[in-house]
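Input: a single structure, listed below in structure tokens.
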Amino acid sequence: MLKGSAWMTAGSIFSRILGAIYIIPWMAWMGAAYPQANALYAKGYNIYSLFIIISTAGIPGAISKQISHYNALDEYSTGNKLFKHGLKIMAGMGIAFAALMYFGAPLMATLFADGDPRSIPVIKSLAIAVLIIPILSILRGYMQGYSDMAPSAISQFIEQIARVIYMLGATYVIMKLNNGSYISAVVQSTFAAFIGAAFAIGILLFAFAKKLPKLRELSRNGKAPEQLNKNFTREIFEQAVPFIILDAGITFFNLFDQSTFNQFMRMFVKATNDQLDNYYSLFGFQANKLIMIIVSLSAAMAVTAIPILSGLYSKGVKKDIEGQISNTLELFFFIMIPASLGMYAVSQPLWTTFYRYDELGILMLQFSSVISILLGFFTVLSAILQALYNNKLAIKYFIYGFIAKVLAQIPMIGLFHEFGPLVATSIGMGVVCWLMTRKLHQIYPFDTNRISRRISGIIMFSLVMFAIVILVNWIVFHFVGNSDRVLSVIILIVEAGLGGSIYGYLVLKTQLADKILGSKVERIRRLVNIK
């Protein structure tokens, strides 16, 4: 679990950070058109995210889960047949949904972008990426089914590097050299998703070729394939549909905000479309892009937990499943709570580094940082329930939470205006997480007393770190001002290092890290001379 999570976390974190850093030059080259370009990019990408989740049909997660299931039963050849069948399905899905997105771009703009005609070419450019990303996804799912997370993590990072290089190069040529339209620059920036995916597929095919001799050996030495008339298509989609709905959970929440924000805000405030676009961009794109860096931590754990739990389920070892659930939840809180509170504490230099100083934006980021715990918890809980074949329950609870979000949206916007959608999201996700946790404990009564004790320690140490960093932040900005970008970068690095050191020292000194991460942590303690 730790090894897989480490690979997926590294790949996810580096790619997310890179995906956030590009904003700095991109924003500078967009100039005065940046707010409009940013909102346009966000609208296109939210639609694209939904299409990616639907076009991949949850199949990577399903493939990972089922490959692990067959491997646990020593039926490697059956798993390989499943993968080959899924590959054909994915190629077809890519073609079908790319065509639907490309030719249906005007309708998508009407439904999800408030009828903005500028979003049509952006949606069309993203449709090209939808053509090949299903292939990329199933290759990752196959590797993850063998609990080999390194190829997925490396391909994720290479994908982001290629995407960022292309989008920044294209933006610079269009905006600075040719003095072109920001719409053209956004179109090329979104087309970069295709470039990144193509490079990632190349990395995975190389890894697959290296792994092929071992895969053939496992297949030869495993159980001989039975002559069964298995309906692989049905098996894949039975497992994939829940992954579609639940993987798209956060995206559904975001799309609901995107589709309704302007209309609902007009009910309570007088503002121009540009002002409303700016409000939406603050939480729907800018803050969201930063908090997804830490939410990706939970996604990495979820991806790692699925094949492990699925394998244990196939072997029918309930006690081991309960222990693995406890380990997964403890690891989640051990990383997610200090990460979210840490982002809250450094929100001022972080926002100023990426977007320039904006008091409202910083407040949005602080609130979003707290909500990120719920978003991450939902990601992990839904993955656990799916890995243990409780798909219908997971979907039912998500629907309840989404209904709570929809019902809360208007009253929360009425009370909190631009913060309303975030409050409604926290209510909806809170409902989902509570229902999932309660049911999971009923089915697999994991050790809540042990988890509670360890979470209490995590929260206490995180709050100590939070209080010290907040105090340092207030003192520094009180004397140096708050608008210098270069200074904000330096302060951000110092405060992040300080916060990480404080939390690290406390969990090592009290041996909380040993209890959650295992005995190998003793090496780290000796290395840093903590007794």
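Identifiers for the structure tokens are assigned positionally: chains receive A, B, ... in sequence, residues are indexed from 1 per chain, and ligands are indexed from 1 in the order shown.
Summary of the local environment: counting only C-alpha atoms, residues at most 10 Å from Leu393 of chain A, other than itself and those fewer than 2 positions away along its chain, are A:Pro242, A:Ser382, A:Leu385, A:Gln386, A:Tyr389, A:Asn390, A:Asn391, A:Ile395, A:Lys396, A:Tyr397, A:Phe398, A:Ile399, A:Leu435, A:Met436, A:Lys439, A:Leu440.
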Output as CSV one row per residue of segment 296-354 of chain A within 9 Å of segment 468-488 of chain A: the closest atom pair and its distance in Å to one decimal place, counting only C-alpha atoms, sorted by chain and residue number ascending.
```
residue,atom,partner,partner_atom,distance
A:Gly342,CA,A:Val469,CA,8.1
A:Tyr344,CA,A:Ile470,CA,8.8
A:Ala345,CA,A:Ile470,CA,5.3
A:Val346,CA,A:Asn473,CA,7.4
A:Gln348,CA,A:Asn482,CA,8.0
A:Pro349,CA,A:Ser488,CA,4.6
A:Leu350,CA,A:Ser488,CA,7.2
A:Trp351,CA,A:Ser488,CA,8.8
A:Thr352,CA,A:Arg485,CA,6.0
A:Thr353,CA,A:Arg485,CA,5.4
A:Phe354,CA,A:Arg485,CA,8.4
```
Store the residues of this selection in a file with C-alpha atoms, as an mmCIF file, in the first residue's frame.
```cif
data_model
loop_
_atom_site.group_PDB
_atom_site.id
_atom_site.type_symbol
_atom_site.label_atom_id
_atom_site.label_comp_id
_atom_site.auth_asym_id
_atom_site.auth_seq_id
_atom_site.Cartn_x
_atom_site.Cartn_y
_atom_site.Cartn_z
ATOM 1 C CA GLY A 342 -0.943 23.501 5.555
ATOM 2 C CA TYR A 344 -4.817 27.000 4.380
ATOM 3 C CA ALA A 345 -1.880 28.377 6.390
ATOM 4 C CA VAL A 346 0.224 29.295 3.311
ATOM 5 C CA GLN A 348 -1.604 34.064 1.016
ATOM 6 C CA PRO A 349 1.886 33.489 -0.438
ATOM 7 C CA LEU A 350 0.566 30.536 -2.480
ATOM 8 C CA TRP A 351 -2.205 32.549 -4.156
ATOM 9 C CA THR A 352 0.067 35.559 -4.696
ATOM 10 C CA THR A 353 2.732 33.326 -6.276
ATOM 11 C CA PHE A 354 0.341 31.846 -8.810
#
```
Segment 158-160 of chain A surroundings by only C-alpha atoms, 9 Å radius, close-in-sequence under 3 positions cut, as an mmCIF file with all heavy atoms, in the first residue's frame:
```cif
data_model
loop_
_atom_site.group_PDB
_atom_site.id
_atom_site.type_symbol
_atom_site.label_atom_id
_atom_site.label_comp_id
_atom_site.auth_asym_id
_atom_site.auth_seq_id
_atom_site.Cartn_x
_atom_site.Cartn_y
_atom_site.Cartn_z
ATOM 1 N N PHE A 14 3.643 15.761 -8.564
ATOM 2 C CA PHE A 14 4.519 16.483 -9.492
ATOM 3 C C PHE A 14 3.738 16.995 -10.703
ATOM 4 O O PHE A 14 3.945 18.121 -11.155
ATOM 5 C CB PHE A 14 5.674 15.590 -9.935
ATOM 6 C CG PHE A 14 6.745 15.427 -8.910
ATOM 7 C CD1 PHE A 14 7.235 14.173 -8.581
ATOM 8 C CD2 PHE A 14 7.268 16.529 -8.239
ATOM 9 C CE1 PHE A 14 8.218 14.012 -7.618
ATOM 10 C CE2 PHE A 14 8.252 16.392 -7.269
ATOM 11 C CZ PHE A 14 8.731 15.118 -6.962
ATOM 12 N N SER A 15 2.836 16.163 -11.224
ATOM 13 C CA SER A 15 2.077 16.602 -12.395
ATOM 14 C C SER A 15 1.101 17.711 -12.026
ATOM 15 O O SER A 15 0.901 18.656 -12.792
ATOM 16 C CB SER A 15 1.338 15.417 -13.039
ATOM 17 O OG SER A 15 0.411 14.847 -12.151
ATOM 18 N N ARG A 16 0.502 17.620 -10.830
ATOM 19 C CA ARG A 16 -0.425 18.681 -10.385
ATOM 20 C C ARG A 16 0.316 19.992 -10.141
ATOM 21 O O ARG A 16 -0.175 21.064 -10.487
ATOM 22 C CB ARG A 16 -1.140 18.252 -9.109
ATOM 23 C CG ARG A 16 -2.109 17.098 -9.273
ATOM 24 C CD ARG A 16 -3.415 17.541 -9.849
ATOM 25 N NE ARG A 16 -4.354 16.435 -9.921
ATOM 26 C CZ ARG A 16 -5.582 16.527 -10.390
ATOM 27 N NH1 ARG A 16 -6.011 17.686 -10.860
ATOM 28 N NH2 ARG A 16 -6.376 15.495 -10.431
ATOM 29 N N LEU A 18 3.139 20.925 -11.495
ATOM 30 C CA LEU A 18 3.511 21.444 -12.817
ATOM 31 C C LEU A 18 2.301 22.068 -13.504
ATOM 32 O O LEU A 18 2.400 23.122 -14.146
ATOM 33 C CB LEU A 18 4.080 20.309 -13.665
ATOM 34 C CG LEU A 18 4.754 20.695 -14.980
ATOM 35 C CD1 LEU A 18 5.940 21.614 -14.735
ATOM 36 C CD2 LEU A 18 5.203 19.448 -15.726
ATOM 37 N N GLY A 19 1.137 21.395 -13.327
ATOM 38 C CA GLY A 19 -0.095 21.914 -13.916
ATOM 39 C C GLY A 19 -0.549 23.217 -13.287
ATOM 40 O O GLY A 19 -1.358 23.947 -13.863
ATOM 41 N N ALA A 153 2.589 6.275 -12.774
ATOM 42 C CA ALA A 153 3.065 7.529 -12.182
ATOM 43 C C ALA A 153 4.007 8.262 -13.136
ATOM 44 O O ALA A 153 3.889 9.479 -13.330
ATOM 45 C CB ALA A 153 3.774 7.237 -10.858
ATOM 46 N N ILE A 154 4.937 7.529 -13.744
ATOM 47 C CA ILE A 154 5.896 8.155 -14.662
ATOM 48 C C ILE A 154 5.180 8.706 -15.892
ATOM 49 O O ILE A 154 5.448 9.827 -16.341
ATOM 50 C CB ILE A 154 6.991 7.142 -15.067
ATOM 51 C CG1 ILE A 154 7.837 6.769 -13.837
ATOM 52 C CG2 ILE A 154 7.886 7.722 -16.164
ATOM 53 C CD1 ILE A 154 8.725 5.569 -14.046
ATOM 54 N N SER A 155 4.249 7.926 -16.439
ATOM 55 C CA SER A 155 3.516 8.394 -17.634
ATOM 56 C C SER A 155 2.686 9.627 -17.321
ATOM 57 O O SER A 155 2.532 10.523 -18.151
ATOM 58 C CB SER A 155 2.612 7.277 -18.168
ATOM 59 O OG SER A 155 1.512 7.042 -17.305
ATOM 60 N N ARG A 163 2.407 18.321 -22.137
ATOM 61 C CA ARG A 163 1.247 19.218 -22.271
ATOM 62 C C ARG A 163 1.630 20.664 -21.981
ATOM 63 O O ARG A 163 1.286 21.584 -22.730
ATOM 64 C CB ARG A 163 0.147 18.761 -21.304
ATOM 65 C CG ARG A 163 -1.159 19.533 -21.443
ATOM 66 C CD ARG A 163 -2.194 19.000 -20.474
ATOM 67 N NE ARG A 163 -1.982 19.473 -19.122
ATOM 68 C CZ ARG A 163 -2.499 20.593 -18.623
ATOM 69 N NH1 ARG A 163 -3.231 21.384 -19.382
ATOM 70 N NH2 ARG A 163 -2.269 20.939 -17.377
ATOM 71 N N VAL A 164 2.363 20.867 -20.878
ATOM 72 C CA VAL A 164 2.724 22.228 -20.465
ATOM 73 C C VAL A 164 3.687 22.870 -21.473
ATOM 74 O O VAL A 164 3.549 24.055 -21.804
ATOM 75 C CB VAL A 164 3.322 22.214 -19.041
ATOM 76 C CG1 VAL A 164 3.979 23.542 -18.712
ATOM 77 C CG2 VAL A 164 2.234 21.892 -18.017
ATOM 78 N N ILE A 165 4.662 22.104 -21.960
ATOM 79 C CA ILE A 165 5.609 22.654 -22.948
ATOM 80 C C ILE A 165 4.866 23.120 -24.198
ATOM 81 O O ILE A 165 5.101 24.219 -24.707
ATOM 82 C CB ILE A 165 6.688 21.610 -23.312
ATOM 83 C CG1 ILE A 165 7.650 21.413 -22.141
ATOM 84 C CG2 ILE A 165 7.471 22.044 -24.553
ATOM 85 C CD1 ILE A 165 8.647 20.290 -22.342
ATOM 86 N N ALA A 193 -3.752 18.829 -24.349
ATOM 87 C CA ALA A 193 -4.133 17.581 -23.669
ATOM 88 C C ALA A 193 -3.868 16.378 -24.572
ATOM 89 O O ALA A 193 -3.459 15.305 -24.099
ATOM 90 C CB ALA A 193 -5.603 17.638 -23.274
ATOM 91 N N ILE A 195 -1.517 16.224 -26.962
ATOM 92 C CA ILE A 195 -0.056 16.058 -27.041
ATOM 93 C C ILE A 195 0.455 15.280 -25.821
ATOM 94 O O ILE A 195 1.232 14.334 -25.944
ATOM 95 C CB ILE A 195 0.641 17.429 -27.119
ATOM 96 C CG1 ILE A 195 0.120 18.244 -28.321
ATOM 97 C CG2 ILE A 195 2.157 17.271 -27.179
ATOM 98 C CD1 ILE A 195 0.402 17.643 -29.662
ATOM 99 N N GLY A 196 -0.011 15.673 -24.639
ATOM 100 C CA GLY A 196 0.414 15.002 -23.412
ATOM 101 C C GLY A 196 0.005 13.535 -23.396
ATOM 102 O O GLY A 196 0.804 12.662 -23.027
ATOM 103 N N ALA A 197 -1.227 13.251 -23.803
ATOM 104 C CA ALA A 197 -1.717 11.870 -23.809
ATOM 105 C C ALA A 197 -0.909 10.990 -24.760
ATOM 106 O O ALA A 197 -0.613 9.828 -24.447
ATOM 107 C CB ALA A 197 -3.195 11.844 -24.195
ATOM 108 N N ALA A 198 -0.532 11.530 -25.917
ATOM 109 C CA ALA A 198 0.257 10.772 -26.894
ATOM 110 C C ALA A 198 1.613 10.374 -26.301
ATOM 111 O O ALA A 198 2.068 9.233 -26.454
ATOM 112 C CB ALA A 198 0.445 11.588 -28.166
ATOM 113 N N PHE A 199 2.266 11.291 -25.609
ATOM 114 C CA PHE A 199 3.557 10.986 -24.978
ATOM 115 C C PHE A 199 3.383 9.936 -23.876
ATOM 116 O O PHE A 199 4.217 9.028 -23.728
ATOM 117 C CB PHE A 199 4.176 12.263 -24.399
ATOM 118 C CG PHE A 199 5.015 13.026 -25.375
ATOM 119 C CD1 PHE A 199 4.441 13.947 -26.237
ATOM 120 C CD2 PHE A 199 6.382 12.818 -25.453
ATOM 121 C CE1 PHE A 199 5.211 14.657 -27.148
ATOM 122 C CE2 PHE A 199 7.171 13.513 -26.355
ATOM 123 C CZ PHE A 199 6.578 14.439 -27.214
ATOM 124 N N ALA A 200 2.313 10.046 -23.090
ATOM 125 C CA ALA A 200 2.077 9.102 -21.997
ATOM 126 C C ALA A 200 1.851 7.685 -22.517
ATOM 127 O O ALA A 200 2.333 6.706 -21.933
ATOM 128 C CB ALA A 200 0.879 9.556 -21.159
ATOM 129 N N ILE A 201 1.116 7.572 -23.624
ATOM 130 C CA ILE A 201 0.893 6.254 -24.227
ATOM 131 C C ILE A 201 2.218 5.631 -24.643
ATOM 132 O O ILE A 201 2.457 4.429 -24.450
ATOM 133 C CB ILE A 201 -0.075 6.366 -25.434
ATOM 134 C CG1 ILE A 201 -1.503 6.626 -24.926
ATOM 135 C CG2 ILE A 201 -0.046 5.095 -26.276
ATOM 136 C CD1 ILE A 201 -2.513 6.912 -26.013
ATOM 137 N N ILE A 203 5.151 6.085 -23.265
ATOM 138 C CA ILE A 203 5.839 5.616 -22.052
ATOM 139 C C ILE A 203 5.263 4.285 -21.577
ATOM 140 O O ILE A 203 5.997 3.349 -21.222
ATOM 141 C CB ILE A 203 5.706 6.669 -20.925
ATOM 142 C CG1 ILE A 203 6.453 7.957 -21.294
ATOM 143 C CG2 ILE A 203 6.208 6.117 -19.594
ATOM 144 C CD1 ILE A 203 7.959 7.812 -21.347
#
```
Practice prompt. Looking only at alpha helix (DSSP H) from DSSP on the backbone, list the matching residues of segment 253-391 of chain A as number ranges by chain.
Written response: A: 253-266, 273-281, 288-315, 318-345, 347-355, 359-387, 391
